[in-house]
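S.K.: Next up is a structure, given as structure tokens.
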Amino acid sequence: MTRVSSSDAIGRGATLALNCTMCHGAQGMSASDAPNLAGQYPEVVIKQLLDYRGGKRSSTVMAALSRSLTDRDISDLAAYYAYLPKARTAPTTYDESLPALVRVGAPLRNIAPCVSCHGGIDQKLGAPWIEGMPKDYLVQQLRAFRSGERRNDAEAQMRVVARAMTDREIEDVAAFYANKASPGEVRQ
Ligand code: HEC
Ligand code: HEC
């Protein structure tokens with residue numbers, strides 16, 4: 001077996017990623033409503049690509065693209081995206097000024113705080129870095145978890161959270177995360 005150095009993996013990943021720039025941006029920062037991949041945790045990129053390839057997460061475009069990727073391609077792409085400059089705000093840590101759902105959730109409705117899994121300190125393995133993602137993408141994903149159309153989350157962690165959320169709450173948390181750079185200026 002030949003040992004693959006991490007720079008080989010990143011270089012190979014960069015070449016493969018030329019097929020992805022049209023939607024995910026030249027530096028992993030999307031100009032459309034596709035998710036940003038720059039700096040994403042490698043285990044997230046790997047899991048999501050395996051889920052598309054295996055049909056656990058549905059998306060016409062990503063299903064077709066992921067089918068042609070080998071396991072090695074997937075891990076090299078993940079290494080490349082993790083290595084790219086992190087052109088967005090770091091994962092949120094607990095702070096009194098955060099919106100209630102993000103900070104403390106809604107215990108009576110079984111909604112755990114977003115920061116308890118997506119946080120900079122409390123990052124649950126597999127929970128994506130969502131700060132600075134396109135707002136429409138975040139809204140779509142939360143609605144898909146709520147309706148059960150997206151069901152690739154282990155132990156229904158996100159379905160449980162989203163099930164109890166109102167349309168307004170989905171809009172508000174999506175706007176908060178999309179505009180994370182300046183929480184004081186959340187666009188509605
Ligand atoms: C034609 C546009 C397009 C191309 C090309 C494309 N993607 Fe995607 N990608 C999308 C869209 C749209 C989504 C969100 C789909 C959904 O709703 O699940 C997505 C989702 C993803 C996700 C999930 C991210 C997350 O935060 O959950 C990963 C990882 C990903 N793409 C990687 C890739 C890689 C690697 C390539 C190149 C091999 C690629 N994509 C090419 C449009 C594209
Ligand atoms: C118990 C842990 C947990 C909590 C609490 C939680 N999440 Fe998640 N979230 C996850 C995990 C794990 C995933 C990845 C699921 C998968 O494997 O596809 C995820 C995925 C997501 C995604 C999809 C992102 C993408 O790029 O694919 C969004 C959006 C999201 N969460 C938003 C939120 C928001 C907003 C809150 C608070 C209202 C929240 N989450 C609370 C664990 C959690």
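Convention: chains lettered A, B, ... in structure tokens order; per-chain residue numbering from 1; ligands numbered from 1 as shown.
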Taking only C-alpha atoms and all ligand atoms and a cut-off of 7 Å, can you tell me which residues surround ligand 2, written as a PDB file with N, CA and C atoms, in the first residue's frame?

M.R.:
ATOM      1  N   PRO A  35     -24.632  25.220  -0.897  1.00  0.00           N
ATOM      2  CA  PRO A  35     -23.903  25.427   0.364  1.00  0.00           C
ATOM      3  C   PRO A  35     -22.438  25.787   0.143  1.00  0.00           C
ATOM      4  N   LYS A  47     -19.387  12.539   4.982  1.00  0.00           N
ATOM      5  CA  LYS A  47     -20.683  11.910   5.269  1.00  0.00           C
ATOM      6  C   LYS A  47     -21.747  12.343   4.248  1.00  0.00           C
ATOM      7  N   GLN A  48     -21.784  13.624   3.937  1.00  0.00           N
ATOM      8  CA  GLN A  48     -22.834  14.091   3.029  1.00  0.00           C
ATOM      9  C   GLN A  48     -22.652  13.495   1.631  1.00  0.00           C
ATOM     10  N   LEU A 101     -33.460  30.695  20.559  1.00  0.00           N
ATOM     11  CA  LEU A 101     -33.418  29.327  20.018  1.00  0.00           C
ATOM     12  C   LEU A 101     -31.986  28.835  19.855  1.00  0.00           C
ATOM     13  N   VAL A 102     -31.132  29.734  19.426  1.00  0.00           N
ATOM     14  CA  VAL A 102     -29.731  29.385  19.189  1.00  0.00           C
ATOM     15  C   VAL A 102     -29.024  29.110  20.522  1.00  0.00           C
ATOM     16  N   GLY A 105     -32.462  27.134  23.090  1.00  0.00           N
ATOM     17  CA  GLY A 105     -33.476  26.278  22.479  1.00  0.00           C
ATOM     18  C   GLY A 105     -34.856  26.600  23.043  1.00  0.00           C
ATOM     19  N   ILE A 111     -36.741  21.447  21.727  1.00  0.00           N
ATOM     20  CA  ILE A 111     -35.744  22.000  20.807  1.00  0.00           C
ATOM     21  C   ILE A 111     -34.468  22.294  21.596  1.00  0.00           C
ATOM     22  N   ALA A 112     -33.430  21.530  21.315  1.00  0.00           N
ATOM     23  CA  ALA A 112     -32.140  21.774  21.982  1.00  0.00           C
ATOM     24  C   ALA A 112     -31.483  22.983  21.323  1.00  0.00           C
ATOM     25  N   PRO A 113     -30.678  23.733  22.084  1.00  0.00           N
ATOM     26  CA  PRO A 113     -30.027  24.916  21.506  1.00  0.00           C
ATOM     27  C   PRO A 113     -29.114  24.553  20.331  1.00  0.00           C
ATOM     28  N   CYS A 114     -29.169  25.358  19.284  1.00  0.00           N
ATOM     29  CA  CYS A 114     -28.291  25.100  18.127  1.00  0.00           C
ATOM     30  C   CYS A 114     -26.826  25.048  18.556  1.00  0.00           C
ATOM     31  N   VAL A 115     -26.425  25.968  19.452  1.00  0.00           N
ATOM     32  CA  VAL A 115     -24.999  26.004  19.837  1.00  0.00           C
ATOM     33  C   VAL A 115     -24.546  24.750  20.575  1.00  0.00           C
ATOM     34  N   SER A 116     -25.489  23.953  21.076  1.00  0.00           N
ATOM     35  CA  SER A 116     -25.050  22.746  21.784  1.00  0.00           C
ATOM     36  C   SER A 116     -24.529  21.688  20.821  1.00  0.00           C
ATOM     37  N   CYS A 117     -24.806  21.831  19.531  1.00  0.00           N
ATOM     38  CA  CYS A 117     -24.271  20.888  18.537  1.00  0.00           C
ATOM     39  C   CYS A 117     -23.464  21.582  17.447  1.00  0.00           C
ATOM     40  N   HIS A 118     -23.901  22.800  17.061  1.00  0.00           N
ATOM     41  CA  HIS A 118     -23.220  23.507  15.963  1.00  0.00           C
ATOM     42  C   HIS A 118     -22.222  24.530  16.493  1.00  0.00           C
ATOM     43  N   LYS A 124     -20.870  18.930  17.899  1.00  0.00           N
ATOM     44  CA  LYS A 124     -21.164  17.511  17.893  1.00  0.00           C
ATOM     45  C   LYS A 124     -20.644  16.929  16.585  1.00  0.00           C
ATOM     46  N   LEU A 125     -19.940  15.802  16.655  1.00  0.00           N
ATOM     47  CA  LEU A 125     -19.354  15.222  15.458  1.00  0.00           C
ATOM     48  C   LEU A 125     -20.408  15.059  14.359  1.00  0.00           C
ATOM     49  N   GLY A 126     -20.122  15.609  13.201  1.00  0.00           N
ATOM     50  CA  GLY A 126     -21.060  15.482  12.084  1.00  0.00           C
ATOM     51  C   GLY A 126     -21.976  16.675  11.924  1.00  0.00           C
ATOM     52  N   ALA A 127     -22.025  17.560  12.910  1.00  0.00           N
ATOM     53  CA  ALA A 127     -22.869  18.757  12.783  1.00  0.00           C
ATOM     54  C   ALA A 127     -22.119  19.788  11.926  1.00  0.00           C
ATOM     55  N   PRO A 128     -22.694  20.186  10.791  1.00  0.00           N
ATOM     56  CA  PRO A 128     -21.976  21.082   9.874  1.00  0.00           C
ATOM     57  C   PRO A 128     -21.731  22.484  10.439  1.00  0.00           C
ATOM     58  N   ILE A 130     -22.398  26.008   9.896  1.00  0.00           N
ATOM     59  CA  ILE A 130     -23.479  26.633   9.123  1.00  0.00           C
ATOM     60  C   ILE A 130     -23.394  28.164   9.049  1.00  0.00           C
ATOM     61  N   LEU A 138     -30.241  27.385   3.998  1.00  0.00           N
ATOM     62  CA  LEU A 138     -30.552  27.017   5.397  1.00  0.00           C
ATOM     63  C   LEU A 138     -32.054  26.820   5.580  1.00  0.00           C
ATOM     64  N   GLN A 141     -33.125  23.487   4.014  1.00  0.00           N
ATOM     65  CA  GLN A 141     -32.709  22.300   4.764  1.00  0.00           C
ATOM     66  C   GLN A 141     -33.543  22.140   6.033  1.00  0.00           C
ATOM     67  N   LEU A 142     -33.820  23.263   6.715  1.00  0.00           N
ATOM     68  CA  LEU A 142     -34.627  23.168   7.941  1.00  0.00           C
ATOM     69  C   LEU A 142     -36.040  22.698   7.607  1.00  0.00           C
ATOM     70  N   ASN A 152     -31.383  12.045   6.668  1.00  0.00           N
ATOM     71  CA  ASN A 152     -30.076  11.378   6.801  1.00  0.00           C
ATOM     72  C   ASN A 152     -29.363  11.754   8.102  1.00  0.00           C
ATOM     73  N   ASP A 153     -30.051  12.447   9.012  1.00  0.00           N
ATOM     74  CA  ASP A 153     -29.453  12.830  10.291  1.00  0.00           C
ATOM     75  C   ASP A 153     -29.533  11.650  11.267  1.00  0.00           C
ATOM     76  N   ALA A 154     -28.378  11.263  11.805  1.00  0.00           N
ATOM     77  CA  ALA A 154     -28.338  10.117  12.721  1.00  0.00           C
ATOM     78  C   ALA A 154     -29.268  10.372  13.909  1.00  0.00           C
ATOM     79  N   GLN A 157     -31.606  13.635  14.908  1.00  0.00           N
ATOM     80  CA  GLN A 157     -31.243  14.808  15.724  1.00  0.00           C
ATOM     81  C   GLN A 157     -31.815  16.108  15.187  1.00  0.00           C
ATOM     82  N   MET A 158     -31.727  16.300  13.864  1.00  0.00           N
ATOM     83  CA  MET A 158     -32.238  17.555  13.296  1.00  0.00           C
ATOM     84  C   MET A 158     -33.740  17.510  13.056  1.00  0.00           C
ATOM     85  N   VAL A 161     -35.407  18.645  16.214  1.00  0.00           N
ATOM     86  CA  VAL A 161     -35.293  20.092  16.406  1.00  0.00           C
ATOM     87  C   VAL A 161     -36.259  20.826  15.467  1.00  0.00           C
ATOM     88  N   ALA A 162     -36.232  20.461  14.181  1.00  0.00           N
ATOM     89  CA  ALA A 162     -36.988  21.219  13.182  1.00  0.00           C
ATOM     90  C   ALA A 162     -38.491  20.971  13.259  1.00  0.00           C
ATOM     91  N   VAL A 173     -33.830  31.960  12.394  1.00  0.00           N
ATOM     92  CA  VAL A 173     -32.512  31.341  12.674  1.00  0.00           C
ATOM     93  C   VAL A 173     -31.675  31.266  11.403  1.00  0.00           C
ATOM     94  N   ALA A 174     -32.346  31.055  10.256  1.00  0.00           N
ATOM     95  CA  ALA A 174     -31.597  31.005   8.988  1.00  0.00           C
ATOM     96  C   ALA A 174     -30.960  32.364   8.719  1.00  0.00           C
TER      97      ALA A 174
END

S.K.: Give me the residues of chain A that have any atom at most 6 Å from an atom of ligand 1; for each, the nearest atom pair and the distance in Å, rounded to one decimal. Use only C-alpha atoms and all ligand atoms, sort by chain and number, and format it as a tab-separated table.

M.R.:
residue	atom	partner	partner_atom_place_in_ligand_line	distance
A:Ala17	CA	ligand 1	37 (C)	5.2
A:Asn19	CA	ligand 1	37 (C)	4.8
A:Cys20	CA	ligand 1	37 (C)	3.5
A:Met22	CA	ligand 1	5 (C)	5.5
A:Cys23	CA	ligand 1	2 (C)	4.3
A:Ala34	CA	ligand 1	12 (C)	4.5
A:Pro35	CA	ligand 1	26 (O)	5.3
A:Val45	CA	ligand 1	29 (C)	4.2
A:Gln48	CA	ligand 1	29 (C)	5.3
A:Leu49	CA	ligand 1	29 (C)	5.3
A:Ser59	CA	ligand 1	18 (O)	5.0
A:Val61	CA	ligand 1	1 (C)	5.9
A:Met62	CA	ligand 1	8 (Fe)	5.4
A:Leu65	CA	ligand 1	38 (C)	6.0
A:Leu77	CA	ligand 1	35 (C)	5.8

S.K.: Could you write those residues out with N, CA and C atoms, as a PDB file, in the first residue's frame?

M.R.:
ATOM      1  N   ALA A  17     -12.128  19.083  -7.549  1.00  0.00           N
ATOM      2  CA  ALA A  17     -13.066  20.158  -7.202  1.00  0.00           C
ATOM      3  C   ALA A  17     -13.344  21.096  -8.374  1.00  0.00           C
ATOM      4  N   ASN A  19     -14.747  20.268 -10.860  1.00  0.00           N
ATOM      5  CA  ASN A  19     -16.106  19.887 -11.276  1.00  0.00           C
ATOM      6  C   ASN A  19     -17.177  20.460 -10.351  1.00  0.00           C
ATOM      7  N   CYS A  20     -16.775  21.139  -9.329  1.00  0.00           N
ATOM      8  CA  CYS A  20     -17.717  21.592  -8.303  1.00  0.00           C
ATOM      9  C   CYS A  20     -17.837  23.109  -8.269  1.00  0.00           C
ATOM     10  N   MET A  22     -18.568  25.396 -10.370  1.00  0.00           N
ATOM     11  CA  MET A  22     -19.706  26.042 -11.021  1.00  0.00           C
ATOM     12  C   MET A  22     -20.795  26.381  -9.997  1.00  0.00           C
ATOM     13  N   CYS A  23     -21.004  25.515  -9.034  1.00  0.00           N
ATOM     14  CA  CYS A  23     -22.053  25.760  -8.036  1.00  0.00           C
ATOM     15  C   CYS A  23     -21.497  26.150  -6.667  1.00  0.00           C
ATOM     16  N   ALA A  34     -26.227  27.251  -3.407  1.00  0.00           N
ATOM     17  CA  ALA A  34     -25.582  25.990  -3.018  1.00  0.00           C
ATOM     18  C   ALA A  34     -24.794  26.243  -1.730  1.00  0.00           C
ATOM     19  N   PRO A  35     -24.632  25.220  -0.897  1.00  0.00           N
ATOM     20  CA  PRO A  35     -23.903  25.427   0.364  1.00  0.00           C
ATOM     21  C   PRO A  35     -22.438  25.787   0.143  1.00  0.00           C
ATOM     22  N   VAL A  45     -18.220  16.772   5.009  1.00  0.00           N
ATOM     23  CA  VAL A  45     -18.185  16.631   3.547  1.00  0.00           C
ATOM     24  C   VAL A  45     -18.212  15.148   3.174  1.00  0.00           C
ATOM     25  N   GLN A  48     -21.784  13.624   3.937  1.00  0.00           N
ATOM     26  CA  GLN A  48     -22.834  14.091   3.029  1.00  0.00           C
ATOM     27  C   GLN A  48     -22.652  13.495   1.631  1.00  0.00           C
ATOM     28  N   LEU A  49     -21.392  13.424   1.158  1.00  0.00           N
ATOM     29  CA  LEU A  49     -21.177  12.843  -0.173  1.00  0.00           C
ATOM     30  C   LEU A  49     -21.533  11.355  -0.181  1.00  0.00           C
ATOM     31  N   SER A  59     -30.899  14.645  -3.783  1.00  0.00           N
ATOM     32  CA  SER A  59     -30.666  15.862  -4.553  1.00  0.00           C
ATOM     33  C   SER A  59     -30.306  15.346  -5.936  1.00  0.00           C
ATOM     34  N   VAL A  61     -28.979  16.726  -8.542  1.00  0.00           N
ATOM     35  CA  VAL A  61     -27.661  17.072  -9.042  1.00  0.00           C
ATOM     36  C   VAL A  61     -26.557  16.368  -8.257  1.00  0.00           C
ATOM     37  N   MET A  62     -26.658  16.364  -6.936  1.00  0.00           N
ATOM     38  CA  MET A  62     -25.590  15.743  -6.139  1.00  0.00           C
ATOM     39  C   MET A  62     -25.605  14.211  -6.233  1.00  0.00           C
ATOM     40  N   LEU A  65     -23.647  13.522  -9.456  1.00  0.00           N
ATOM     41  CA  LEU A  65     -22.216  13.810  -9.327  1.00  0.00           C
ATOM     42  C   LEU A  65     -21.505  12.845  -8.392  1.00  0.00           C
ATOM     43  N   LEU A  77     -11.438  15.258  -1.666  1.00  0.00           N
ATOM     44  CA  LEU A  77     -12.244  16.478  -1.772  1.00  0.00           C
ATOM     45  C   LEU A  77     -12.451  17.089  -0.385  1.00  0.00           C
TER      46      LEU A  77
END

S.K.: Which residues come within 10 Å of range 131-137 of chain A, counting only C-alpha atoms, excluding same-chain residues fewer than 4 positions away, as a PyMOL selection string?

M.R.: chain A and resi 29-37+87-92+118-119+141-143+171-181+187

S.K.: For the selection you just gave me, I'd like the residues written to a file as a tab-separated table (two decimals), in the first residue's frame, keeping N, CA and C atoms.

M.R.:
chain	number	residue	atom	x	y	z
A	29	MET	N	-16.79	29.10	-1.88
A	29	MET	CA	-17.80	30.06	-1.41
A	29	MET	C	-18.80	30.25	-2.54
A	30	SER	N	-20.00	29.76	-2.32
A	30	SER	CA	-21.00	29.74	-3.36
A	30	SER	C	-21.58	31.12	-3.66
A	31	ALA	N	-21.77	31.40	-4.96
A	31	ALA	CA	-22.41	32.66	-5.35
A	31	ALA	C	-23.89	32.41	-5.60
A	32	SER	N	-24.31	31.15	-5.52
A	32	SER	CA	-25.72	30.82	-5.71
A	32	SER	C	-26.26	30.34	-4.37
A	33	ASP	N	-27.31	29.53	-4.39
A	33	ASP	CA	-27.85	29.04	-3.12
A	33	ASP	C	-27.28	27.68	-2.73
A	34	ALA	N	-26.23	27.25	-3.41
A	34	ALA	CA	-25.58	25.99	-3.02
A	34	ALA	C	-24.79	26.24	-1.73
A	35	PRO	N	-24.63	25.22	-0.90
A	35	PRO	CA	-23.90	25.43	0.36
A	35	PRO	C	-22.44	25.79	0.14
A	36	ASN	N	-21.88	26.59	1.05
A	36	ASN	CA	-20.45	26.87	1.04
A	36	ASN	C	-19.71	25.66	1.58
A	37	LEU	N	-18.59	25.35	0.97
A	37	LEU	CA	-17.81	24.19	1.43
A	37	LEU	C	-16.47	24.62	2.03
A	87	ALA	N	-13.34	31.59	4.78
A	87	ALA	CA	-13.82	32.93	4.49
A	87	ALA	C	-15.18	33.24	5.12
A	88	ARG	N	-15.47	32.67	6.27
A	88	ARG	CA	-16.73	33.02	6.94
A	88	ARG	C	-16.54	32.97	8.44
A	89	THR	N	-17.54	33.50	9.15
A	89	THR	CA	-17.44	33.61	10.60
A	89	THR	C	-17.29	32.25	11.26
A	90	ALA	N	-16.47	32.19	12.28
A	90	ALA	CA	-16.25	30.94	13.01
A	90	ALA	C	-17.54	30.47	13.67
A	91	PRO	N	-17.65	29.17	13.92
A	91	PRO	CA	-18.83	28.66	14.61
A	91	PRO	C	-19.12	29.42	15.91
A	92	THR	N	-20.40	29.66	16.12
A	92	THR	CA	-20.88	30.49	17.23
A	92	THR	C	-20.66	29.83	18.59
A	118	HIS	N	-23.90	22.80	17.06
A	118	HIS	CA	-23.22	23.51	15.96
A	118	HIS	C	-22.22	24.53	16.49
A	119	GLY	N	-21.96	24.50	17.80
A	119	GLY	CA	-21.15	25.55	18.40
A	119	GLY	C	-19.67	25.43	18.14
A	141	GLN	N	-33.13	23.49	4.01
A	141	GLN	CA	-32.71	22.30	4.76
A	141	GLN	C	-33.54	22.14	6.03
A	142	LEU	N	-33.82	23.26	6.71
A	142	LEU	CA	-34.63	23.17	7.94
A	142	LEU	C	-36.04	22.70	7.61
A	143	ARG	N	-36.59	23.20	6.50
A	143	ARG	CA	-37.93	22.75	6.10
A	143	ARG	C	-37.91	21.28	5.70
A	171	GLU	N	-37.17	31.03	9.43
A	171	GLU	CA	-36.67	32.24	8.75
A	171	GLU	C	-35.66	32.98	9.64
A	172	ASP	N	-36.02	33.14	10.90
A	172	ASP	CA	-35.19	33.93	11.81
A	172	ASP	C	-33.83	33.26	12.10
A	173	VAL	N	-33.83	31.96	12.39
A	173	VAL	CA	-32.51	31.34	12.67
A	173	VAL	C	-31.68	31.27	11.40
A	174	ALA	N	-32.35	31.06	10.26
A	174	ALA	CA	-31.60	31.00	8.99
A	174	ALA	C	-30.96	32.36	8.72
A	175	ALA	N	-31.72	33.43	8.96
A	175	ALA	CA	-31.17	34.78	8.75
A	175	ALA	C	-30.02	35.03	9.72
A	176	PHE	N	-30.19	34.58	10.95
A	176	PHE	CA	-29.13	34.77	11.95
A	176	PHE	C	-27.83	34.10	11.50
A	177	TYR	N	-27.94	32.84	11.10
A	177	TYR	CA	-26.71	32.13	10.70
A	177	TYR	C	-26.15	32.65	9.38
A	178	ALA	N	-27.03	33.00	8.44
A	178	ALA	CA	-26.56	33.50	7.15
A	178	ALA	C	-25.81	34.82	7.32
A	179	ASN	N	-26.26	35.63	8.25
A	179	ASN	CA	-25.66	36.96	8.47
A	179	ASN	C	-24.74	36.97	9.67
A	180	LYS	N	-24.24	35.83	10.06
A	180	LYS	CA	-23.54	35.70	11.32
A	180	LYS	C	-22.43	36.73	11.54
A	181	ALA	N	-21.85	37.21	10.45
A	181	ALA	CA	-20.75	38.16	10.59
A	181	ALA	C	-21.13	39.37	11.43
A	187	ARG	N	-30.71	40.56	8.67
A	187	ARG	CA	-31.72	40.90	7.66
A	187	ARG	C	-32.89	39.93	7.81

S.K.: Could you please write out, as JSON, numbers by chain, every residue of range 30-159 of chain A that DSSP assigns to helix (DSSP H, G or I)?

M.R.: {"A": [42, 43, 44, 45, 46, 47, 48, 49, 50, 51, 52, 53, 60, 61, 62, 63, 64, 65, 66, 67, 71, 72, 73, 74, 75, 76, 77, 78, 79, 80, 81, 82, 83, 100, 101, 102, 103, 107, 108, 109, 115, 116, 117, 118, 135, 136, 137, 138, 139, 140, 141, 142, 143, 144, 145, 146, 147, 154, 155, 156, 157, 158, 159]}

S.K.: Point out the residue among A:Arg53, A:Gln40, A:Ile74, A:Tyr81 with the least atom-to-atom distance to Ala14 in chain A, counting only C-alpha atoms.

M.R.: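 Ranking A:Arg53, A:Gln40, A:Ile74, A:Tyr81 by distance to Ala14 in chain A, first place goes to A:Tyr81.
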
S.K.: Can you work out the spacing between CA of Trp129 in chain A and CA of His24 in chain A in Å, to one decimal?

M.R.: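 Straight-line distance from CA of Trp129 in chain A to CA of His24 in chain A works out to 15.1 Å.
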
S.K.: Compare A:Ser75, A:Thr166, A:Tyr41, A:Pro85 by their minimum atom-to-atom distance to Ala26 in chain A, counting only C-alpha atoms, and give me the closest one.

M.R.: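 Counting only C-alpha atoms, the residue closest to Ala26 in chain A is A:Pro85.
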
S.K.: Could you work out how far CA of Arg168 in chain A lies from CA of Pro99 in chain A, giving the answer in Å with one decimal?

M.R.: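 Between CA of Pro99 in chain A and CA of Arg168 in chain A the gap works out to 13.2 Å.
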
S.K.: Using only C-alpha atoms, which of A:Phe145, A:Tyr80, A:Tyr52, A:Tyr94 sits nearest Leu16 in chain A?

M.R.: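 The answer is A:Tyr80, which sits nearest to Leu16 in chain A.
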
S.K.: When distances are computed from only C-alpha atoms, which of A:Glu155, A:Asp167, A:Glu43, A:Glu149 shows the smallest separation from Ala79 in chain A?

M.R.: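 The answer is A:Glu43, which sits nearest to Ala79 in chain A.
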